[in-house]
Structures are given as structure tokens and as C-alpha cells.
Amino acid sequence: MLAFAIRRLLEAAFVMMTVALLAFVLFRFVGDPVNQMVGQDTSLEDRMRLREELGLNDPVAIQFGRFVGNAARFDFGISYQVKQPVTAIIADRFPATLELALAAALFAVLLGIPMGVYTGIHRDSWLSKVFLTVSLIGVSLPTFLIGILLIYVFAVWLGVLPSFGRGDVVRIGFWRTGLLTASGLKALILPAVTLGLFQMTLVTRLVRAEMLEVLRTDYIKFARARGLTDRSVNFGHALKNTLVPVITVIGLQLGAIIAFAIITETVFQWPGMGLMFIQAVQSADIPVMAAYLMLVAFLFVLINFIVDLIYVRVDPRIRIFGRSA
Amino acid sequence: MNDTLHEAPIPTADPALSSARTAEEIFIETAPRSRASAFFDSDLLHSFLRSKLVVAAALLTVALVGAALLAPLIAPHDPYDLKSVSLLDSNTPPAWEKGGDPHFLLGTDDLGRDILSTILYGTRSSILIGLCSVLLATAIGLSLGLWAGYAGGRVDSAVMRIADVQLTFPAILTALLIDGVALAIFKNHPIEGSKFWILVVAIGLSFWVQYARTVRGVTLVERNKEYVEAARLIGIGPIRIMFQHILPNVLGPVLVIATINLALAIITEATLSFLGVGLPPTEPSLGTMIQIGNKYLFSGSWWMVAFPGVTLAALALAVNLLGDWLRDALNPRLR
């Protein structure tokens, strides 16, 4: 177990270093950092002095080392566009994205698992077919189209839910939360549904496939032969054994949710990191792009690592060494 | 036997052949079966026709691709020709609505461009970008997969490491990042039409991993088989072995991945354009149109979003269904 964890940790470190190298190359060589920071009428001497101060004249390897060191201390420099420290911008945007991502994941799990169980048990009922057709459409429709559709129905047509922003937020320390006000919760519904819909269909299909598999096994037949109630068999025996892969997939999907939040946040003008990233891409704001890249990579690697450990912990059958992810 | 409709037997030198059978009949029996007839007898076509849904999806795909390819011929207006566009026509609703104009069947957008024509041209851009990026991804993934699988050792672990790192991120994020870097590089020197190729490269580079992994897996199995050994013994070079002997064995799975990726690539292009980092409003794709229309959602101009949205959804759904069917039909375990 310990050797496994160390191996995974080394792999995670390798991924992080690769991403750091990418972010550094991006920061250092796409456009000249000095040109981006100063105005046009800055004299050549001032530019040279700034180069020296920023350490841009040092060997590239030393610059990379400094970049990684700064990144480890969450220092990503100053945004070209907003002229603020990137870390401050991210700290401001991070809570919004995290709340949205968790709400979406919750929506996906709370709806996806029951739908999956139902379609697994009642294979041929018409309701199952409706669920599966809806899930096929959910997979095929692009996220932004679903968002626009929801806005049209619930904000434009029915006028019951807001279509943009976070509503009123409450400040707790540095964390600004929208979960404690009515308007904040109302504003969360549409973006969370949009973001979670794809994951919900994924969970539904996965749980269904796993249920179909498990319901065929001998121990389920034996449980039925023992005269246990349907409920006890379906939920106590069958569902429990489908949950290992489901937990893994949900964990891994958390990363995808954070990435797809870019689209949802753009549709709903949700003031999170995704919107920040899109604005950075549009205005070629390299420090913000580099910081977002590093942060997302860190989150992904962290989630992957935790999921791997949970996986080994929950299912003793997979304690084989050197399993590929 | 005085069937006058039948051709008279052709006299031949060989008496054994000159029975009651015509030359035509003999030809049909002895000629090798043509590729077309082999296709019409195959399981593939059979399973295709069995599912009405798949036939419908194929028809829809053909109709959309056909309409898109013929856009310059069948579109009532040319949305790229700014001279023919008049701001006075902007925000016209569809022809059957109140205030509609029969000249603009599906209405116009905020610049007065005909929605129907713009959809036709936009679908063309979407499909072209999708096809080009899938081709690029296939070329990269296929070559790297073959190379990694055939050479093994250090090449293999290097390629698979890169694939692992890239697989950590969703493809849309990779595409966005490449797109963003390219925009930053070309910011001060915009090249005519460069947006198209930036998108192709961004999407192509974010989808190659799946091909490489699949192809590598198959190549690992194939390279130890006798025919590869034989090819090597008679002195055929590694590149020819990879592309002429091993390649045909991986084409099935690659075709399936490519079809499913085509739908994904089209959606990715639309998403990037919707996010404002894809095709510019002057040469709109479906995603750009939806982005423009989204701004006018609250003013009641639903047609600006609805028609391109439905087209995009139909295109993605149809290609997806075809891909699903192809995967099942080519999978021998499911037969």
C-alpha cells in the first residue's frame, strides 16, 4: 500500500513538472513579458532595468527553477490585463467555481444513481426507455446549448430563475458564498443543472450497466432464493457492489466538471475561474493562463491520487501491484 | 424450349462448355465477386438496414453534409458578401411569423444576414473543421501508436508518458489552451484564414491520444505474429512493415474512433467558437451564430439561436448514432 502510494506520488510529481514546464514556456516565450507590462513610451533603459529585476537575463534553467519555486508559493506574477496579482484574482474567483462544481456533482449523483438503479432493475419499462433516450440526448447536446435552452425556458419564458451571476453573496473570511441567501441558491440552480447534466447521464449509464452485471451473479440469485425482499436484494446486495466503479468515475469526473465549468460559467456569466480563464485567453493574458493551468493540473492530479487510494482501500481485489490507471 | 427471349448459346470451341448455358451465365459464375456485391452481402449492410434509427441518422447526416457542401449553390444569399447584406433587414423574424419577410425564410441576424444561408455556410465550416481535425488527430495518433508499439522500449514509454499527461486533462481544455497560445502568438500578425487552421490544429492535437493508445495495443499484438516476422526476414524496412502490413489490422478500431471523434470535434469547434475564441463573426460557424444569437435571447429573437442550435444538435446526434452503430457492428464479440 505504501509502495503503491509512493509510486503514484512520483507519477503525480512527473505530471506536475511537465505542466509546470509548459506553463513556464508559455509565460517566458509567448510574447515578451516586459512589453506586456510597460507602456509604449517606456525608455529602453527602463526596460533593461525591468528585465534585470525580473531576472529575465538569467539562464533559462535558473528562471525555470524560480518559476517553480514561486508557483509552489502560489506566486504567479501580475496579470497583464487587470494589473493585479494573479493569486488575488484566483482567490477571489475560486469559491464561486468550487460551489458550482460541488452543486453539479451533487445533482449528478443524487439523480443519476436512482435513475441508473431504476433502469437496471426495470429494463424494459417505458420509463427506462425515456430515461435512456434523455440521457443519449444529454450526451450528444453540447453543454452551452443546454445552458441556453434552460435560460430560454426558465428565465426568458417562465421568468422564475435568474440567468446570470451569483445573486447575493455572504462573506465568511475570504470566502464569499452564495449558498446562504435565497437569491444565491436560486442563481445556482440553472448553472449547476447545466454543468451536471452530462455527468448525470454518465452516472445513470454506469450504474445501469453495473446493476445489469451484478443482478446476473450467483449471490443475487442466492439472496432471492433465501426469500429476501426485492428491496433488500436490489439495494442491500446489488447496489452496494456497483458503487466501487461509480465512486471512481465520479471522482475522476470532478476534474472534468471543473474544466467544463469554463463553458457553463461563460453561458451564465458566473464569476468563477472558468470565466477568468476565458477572458485571459481572449486577451492573451499569459500569467493568468499559466496559473490556471497549474492550478487545474494540481486539482486533477490530487483527485486522481485520492481516487486511486480510495479504490485500493474500498476494493481489496485490486491490491495488485502496478495497476495502470 | 423455344424461349425467344433467351439469347442463343454462343458456340464455343470447347464442346464441354457449349451446353444450354449462355456465356453470360458462365461469366457470372466464374468471375470473382466484385467489391460492391461483397459489400451488399455483408453483415455490415445487414445490421445497418436492421436498425431504422441508424438509417435515419445516416440519411440526416447525408442531407446535412450535402446541403453544407452545396451551400454556395443552394443558399439564397451569400453571408460572406457584405455588400449584399443590409442592416435594414436585421432582426427579421422567420417568414411565417408576424413581421417576417418571405425573402428570409428563417429570419435574419443582428447584421441582417439570412439565417438559412448562414447556417448552410456555417455547417460547411463546422464539418470541414471537424473532418480536418479528425484527419490530423488520426495521422498523429496512428503514426505515434504504430511507432510506439513496433519500436517498443524507450520510444514506447516516452509516447505513452506524453499520452498519460495529456489524458489527465479533458480534451476541451487542451484545445482551449492551444487555441489561446496560438491567438497570443498571432495577435499582432493576423493571417487571412489562419483561424480555421488554428482550430484544426488545436482540436487535432487534443484528440490524438485515444488513437495512439488503441493502435499501440493492436500493434503490440501484431508485431509478434508470423507474417511480420516473415516480412522482416525478407528484408522489408520497419516503416513499410508498419504502414503496409500492420496498419490494415488497426483500421477497424481507428475508423470507429474517428467517427465518434468527428461528432466530438464538431461540438468542440462549436464550443470554442461559442466561447469567442473560434471562428470570427465575419465567417460564422454554427457555434459563432449561437454566440451571436445568445446576446439577443432576452429581446425575443429566438430564431437566431434556435435554428443553428437545432442544426448543430442534429448533426452531432446523427454522427454519434452512426459511430455507436459502427462500434457495435465492427465488434465481433457483440455479433
# chains A, B, ... in the order shown; residues from 1 in each chain; ligands from 1
$ residues_around --residues "segment 112-129 of chain A" --least-positions-apart "5" --cutoff "12 Å" --atoms "only C-alpha atoms" --output "NGL selection string"
:A and (104-107 or 134-136 or 196-216 or 230-231 or 233-235 or 238-240 or 242-243 or 246-247 or 250)
$ write_last_selection --atoms "C-alpha atoms" --output "JSON list (two decimals), in the first residue's frame"
[["chain", "number", "residue", "atom", "x", "y", "z"],
["A", 104, "ALA", "CA", -23.25, 20.00, -10.11],
["A", 105, "ALA", "CA", -21.62, 16.82, -8.78],
["A", 106, "LEU", "CA", -24.32, 16.53, -6.10],
["A", 107, "PHE", "CA", -27.03, 16.92, -8.72],
["A", 134, "VAL", "CA", -32.99, 11.56, -22.50],
["A", 135, "SER", "CA", -29.51, 10.50, -21.45],
["A", 136, "LEU", "CA", -28.49, 9.92, -25.08],
["A", 196, "GLY", "CA", -24.09, 18.33, -14.01],
["A", 197, "LEU", "CA", -26.34, 17.00, -16.78],
["A", 198, "PHE", "CA", -23.58, 15.26, -18.70],
["A", 199, "GLN", "CA", -22.18, 13.70, -15.53],
["A", 200, "MET", "CA", -25.69, 12.64, -14.51],
["A", 201, "THR", "CA", -26.21, 10.73, -17.76],
["A", 202, "LEU", "CA", -22.80, 9.17, -17.30],
["A", 203, "VAL", "CA", -23.64, 8.03, -13.75],
["A", 204, "THR", "CA", -27.03, 6.72, -14.91],
["A", 205, "ARG", "CA", -25.50, 4.64, -17.69],
["A", 206, "LEU", "CA", -22.71, 3.38, -15.49],
["A", 207, "VAL", "CA", -24.98, 2.36, -12.60],
["A", 208, "ARG", "CA", -27.35, 0.70, -15.06],
["A", 209, "ALA", "CA", -24.59, -1.32, -16.70],
["A", 210, "GLU", "CA", -23.14, -2.34, -13.34],
["A", 211, "MET", "CA", -26.59, -3.29, -11.99],
["A", 212, "LEU", "CA", -27.30, -5.47, -15.03],
["A", 213, "GLU", "CA", -23.96, -7.15, -14.47],
["A", 214, "VAL", "CA", -24.40, -7.69, -10.74],
["A", 215, "LEU", "CA", -28.04, -8.83, -10.92],
["A", 216, "ARG", "CA", -26.88, -11.80, -13.02],
["A", 230, "ASP", "CA", -36.74, -7.20, -3.50],
["A", 231, "ARG", "CA", -35.72, -4.02, -1.76],
["A", 233, "VAL", "CA", -31.71, -7.60, -2.67],
["A", 234, "ASN", "CA", -31.67, -4.60, -5.00],
["A", 235, "PHE", "CA", -30.29, -2.04, -2.61],
["A", 238, "ALA", "CA", -26.79, -5.29, -5.73],
["A", 239, "LEU", "CA", -26.35, -1.52, -5.45],
["A", 240, "LYS", "CA", -23.66, -1.83, -2.82],
["A", 242, "THR", "CA", -21.90, -1.40, -8.04],
["A", 243, "LEU", "CA", -20.62, 1.52, -6.03],
["A", 246, "VAL", "CA", -19.20, 4.58, -9.55],
["A", 247, "ILE", "CA", -17.13, 6.28, -6.84],
["A", 250, "ILE", "CA", -17.46, 10.36, -10.03]]
$ interface_residues --of "chain A" --to "chain B" --cutoff "6 Å" --atoms "only C-alpha atoms" --output "list in words"
Val15, Ser140, Leu141, Val281 and Ala284 of chain A
$ atom_distance --atom1 "atom CA of Ile262 of chain A" --atom2 "atom CA of Ser79 of chain A"
18.8 Å
$ atom_distance --atom1 "atom CA of Gly272 of chain A" --atom2 "atom CA of Phe94 of chain A"
6.1 Å
$ select_by_dssp --residues "segment 98-245 of chain A" --states "strand (DSSP E or B)" --output "JSON, numbers by chain"
{"A": [170, 171, 172, 175, 176, 177]}
$ select_by_dssp --residues "segment 39-272 of chain B" --states "alpha helix (DSSP H)" --output "ChimeraX atom specification"
/B:39-40,43-50,52-69,71-74,115-151,153-167,171-186,194-222,226-233,238-240,247-272
$ residues_around --residues "Ile74 of chain B" --least-positions-apart "6" --cutoff "9 Å" --atoms "only C-alpha atoms" --output "number ranges by chain"
B: 67, 117, 120
$ write_last_selection --atoms "C-alpha atoms" --output "CSV table (one decimal), in the first residue's frame"
chain,number,residue,atom,x,y,z
B,67,ALA,CA,-26.6,20.8,-48.0
B,117,SER,CA,-27.8,30.9,-45.7
B,120,LEU,CA,-25.6,26.4,-44.7
$ residues_around --residues "segment 147-158 of chain A" --least-positions-apart "5" --cutoff "8 Å" --atoms "only C-alpha atoms" --output "VMD selection string"
(chain A and resid 163 190 to 191 194 264 267 to 268) or (chain B and resid 294 297 to 298)
$ atom_distance --atom1 "atom CA of Pro271 of chain A" --atom2 "atom CA of Ala96 of chain A"
6.6 Å
$ closest_residue --among "A:Met294, A:Gly178, A:Val60, A:Glu45" --to "Asp75 of chain A" --atoms "only C-alpha atoms"
A:Met294
$ closest_residue --among "B:Leu279, B:Ile129, B:Ile292, B:Ala75" --to "Leu105 of chain B" --atoms "only C-alpha atoms"
B:Ala75
